[in-house]
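Worksheet: the structure to be examined is printed underneath.
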Amino acid sequence: MQLILKQFEDIKKLLNDLKQESELPTTIIIVEGIKDAQALNNFGIVNNIIYLHGRSLTEVYDEAAKFKKIILLSDFDDFGQKLIQDLRQTLASMGLNADMSYYRQFKFYFKKVSKDVEGLFKIYNEVQHSKLQKMRL
């Protein structure tokens, strides 16, 4: 948690950047499941998010092809890492470029404390609360 607390401002900027990108009509964010999408919603990231669970990959690829920028976010466990690499490769074979920079940054900040995207909001709030407590002292 100490690493996150020290880099809290960087994390806030990263979330703000992702929110701004999600508001562009040319950008889509692909996550694993509905809880991941809900976690992003909790951060105010509500536009242009689709999740994989319960959908055919063909449907996801067809939807993604309508956008200029495709941001991939998956969980930080082995399954999520394999999934995101497979998605990126398939999208590349379709001539689409997938952005994994947010995934890499979230993974850097949160991998040791959360294995999934859905846990980010809880951890973020805990860090924010801890930071506020320290400011009051």
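Convention: chains lettered A, B, ... in structure tokens order; per-chain residue numbering from 1; ligands numbered from 1 as shown.
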- [ ] Write out as number ranges by chain all residues of region 43-95 of chain A that DSSP puts in alpha helix (DSSP H) for this structure's backbone.
- [x] A: 57-64, 78-93
Counting only C-alpha atoms, which residues of region 38-64 of chain A fall within 8 Å of region 116-121 of chain A, and what is the closest atom pair for each with its distance in Å at one decimal, ordered by chain and rising number, as a Markdown table?
```
| residue | atom | partner | partner_atom | distance |
| --- | --- | --- | --- | --- |
| A:Gln38 | CA | A:Glu118 | CA | 7.4 |
| A:Ala39 | CA | A:Glu118 | CA | 5.1 |
| A:Leu40 | CA | A:Phe121 | CA | 7.8 |
| A:Asn42 | CA | A:Phe121 | CA | 6.9 |
| A:Phe43 | CA | A:Phe121 | CA | 7.2 |
```
Task: From A:His53, A:Ser130, A:Gln89, A:Phe76, residue lying nearest Gln105 (chain A) [only C-alpha atoms] - done: A:Phe76
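With CA of Leu83 (chain A) on one side and CA of Lys122 (chain A) on the other, the separation reads 23.7 Å.
In this comparison, which uses only C-alpha atoms, the residue of A:Tyr51, A:Ala64, A:Gly33, A:Glu23 approaching Ala92 (chain A) most closely is A:Ala64.
CA of Leu73 (chain A) is positioned 7.4 Å from CA of Glu32 (chain A).
If you measure from each of A:Gly95, A:Ile29, A:Leu57, A:Ile45 to Ile70 (chain A) using only C-alpha atoms, the closest one turns out to be A:Ile29.
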Task: Exercise: Thr58 (chain A) partners within 12 Å, only C-alpha atoms, chain neighbours under 5 positions left out, as a list of chain:residue names - done: A:Leu52, A:Glu63, A:Ala64, A:Ala65, A:Leu87, A:Thr90, A:Leu91, A:Met94
Same residues, C-alpha atoms, output as a PDB file, in the first residue's frame:
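Listed below is the output, result.pdb:
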```pdb
ATOM      1  CA  LEU A  52     -16.102  -9.763 -22.792  1.00  0.00           C
ATOM      2  CA  GLU A  63     -17.792  -3.618 -32.079  1.00  0.00           C
ATOM      3  CA  ALA A  64     -14.126  -2.699 -31.548  1.00  0.00           C
ATOM      4  CA  ALA A  65     -13.580  -2.306 -35.294  1.00  0.00           C
ATOM      5  CA  LEU A  87      -6.961  -9.923 -27.822  1.00  0.00           C
ATOM      6  CA  THR A  90      -6.279 -10.901 -32.884  1.00  0.00           C
ATOM      7  CA  LEU A  91      -7.040  -7.196 -33.208  1.00  0.00           C
ATOM      8  CA  MET A  94      -7.574  -7.442 -38.215  1.00  0.00           C
TER       9      MET A  94
END
```
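When only C-alpha atoms are used to compute distances to Phe67 (chain A), the closest of the residues A:Asn16, A:Asn41, A:Gln81, A:Ser22 turns out to be A:Ser22.
With only C-alpha atoms as the basis for measurement, A:Tyr61 is the residue among A:Tyr61, A:Phe79, A:Phe110, A:Tyr124 that approaches Asn97 (chain A) most closely.
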Open item on the list: To one decimal place in Å, what is the distance between CA of Asn48 (chain A) and CA of Leu14 (chain A)?
Closed with: 17.3 Å
- [ ] For Asp99 (chain A), work out the shell of residues within 8 Å, counting only C-alpha atoms and skipping chain neighbours fewer than 2 positions away, then give it as a PyMOL selection string.
- [x] chain A and resi 69-72+97+101-102
Output C-alpha atoms for every residue in the selection just made, as an mmCIF file, in the first residue's frame.
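Below you can see selection31.cif, which holds the result:
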```cif
data_model
loop_
_atom_site.group_PDB
_atom_site.id
_atom_site.type_symbol
_atom_site.label_atom_id
_atom_site.label_comp_id
_atom_site.auth_asym_id
_atom_site.auth_seq_id
_atom_site.Cartn_x
_atom_site.Cartn_y
_atom_site.Cartn_z
ATOM 1 C CA LYS A 69 -8.611 3.657 -30.491
ATOM 2 C CA ILE A 70 -9.092 0.409 -28.581
ATOM 3 C CA ILE A 71 -7.950 0.367 -24.949
ATOM 4 C CA LEU A 72 -7.553 -3.085 -23.404
ATOM 5 C CA ASN A 97 -4.103 -1.339 -32.984
ATOM 6 C CA SER A 101 -0.532 1.364 -21.956
ATOM 7 C CA TYR A 102 -3.269 1.798 -19.330
#
```
Those in chain A with strand (DSSP E) from DSSP, as an mmCIF file with C-alpha atoms, in the first residue's frame:
```cif
data_model
loop_
_atom_site.group_PDB
_atom_site.id
_atom_site.type_symbol
_atom_site.label_atom_id
_atom_site.label_comp_id
_atom_site.auth_asym_id
_atom_site.auth_seq_id
_atom_site.Cartn_x
_atom_site.Cartn_y
_atom_site.Cartn_z
ATOM 1 C CA THR A 27 -12.267 5.368 -28.271
ATOM 2 C CA ILE A 28 -13.529 2.116 -26.767
ATOM 3 C CA ILE A 29 -12.376 0.332 -23.610
ATOM 4 C CA ILE A 30 -12.582 -3.462 -23.469
ATOM 5 C CA VAL A 31 -12.628 -5.140 -20.036
ATOM 6 C CA ILE A 49 -16.913 0.405 -22.302
ATOM 7 C CA ILE A 50 -17.669 -3.141 -23.367
ATOM 8 C CA TYR A 51 -16.966 -6.331 -21.482
ATOM 9 C CA LYS A 69 -8.611 3.657 -30.491
ATOM 10 C CA ILE A 70 -9.092 0.409 -28.581
ATOM 11 C CA ILE A 71 -7.950 0.367 -24.949
ATOM 12 C CA LEU A 72 -7.553 -3.085 -23.404
ATOM 13 C CA ALA A 98 -4.890 -2.054 -29.341
ATOM 14 C CA ASP A 99 -3.555 0.278 -26.651
#
```
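Near Ile123 (chain A), within 12 Å and counting only C-alpha atoms, sit Met1, Gln2, Ile4, Leu5, Phe8, Ile11, Ala39, Phe106, Tyr109, Phe110, Lys111, Lys112, Val113, Ser114, Lys115, Asp116, Val117, Glu118, Gln128, His129 and Ser130 of chain A, not including residues fewer than 5 positions from it in the same chain.
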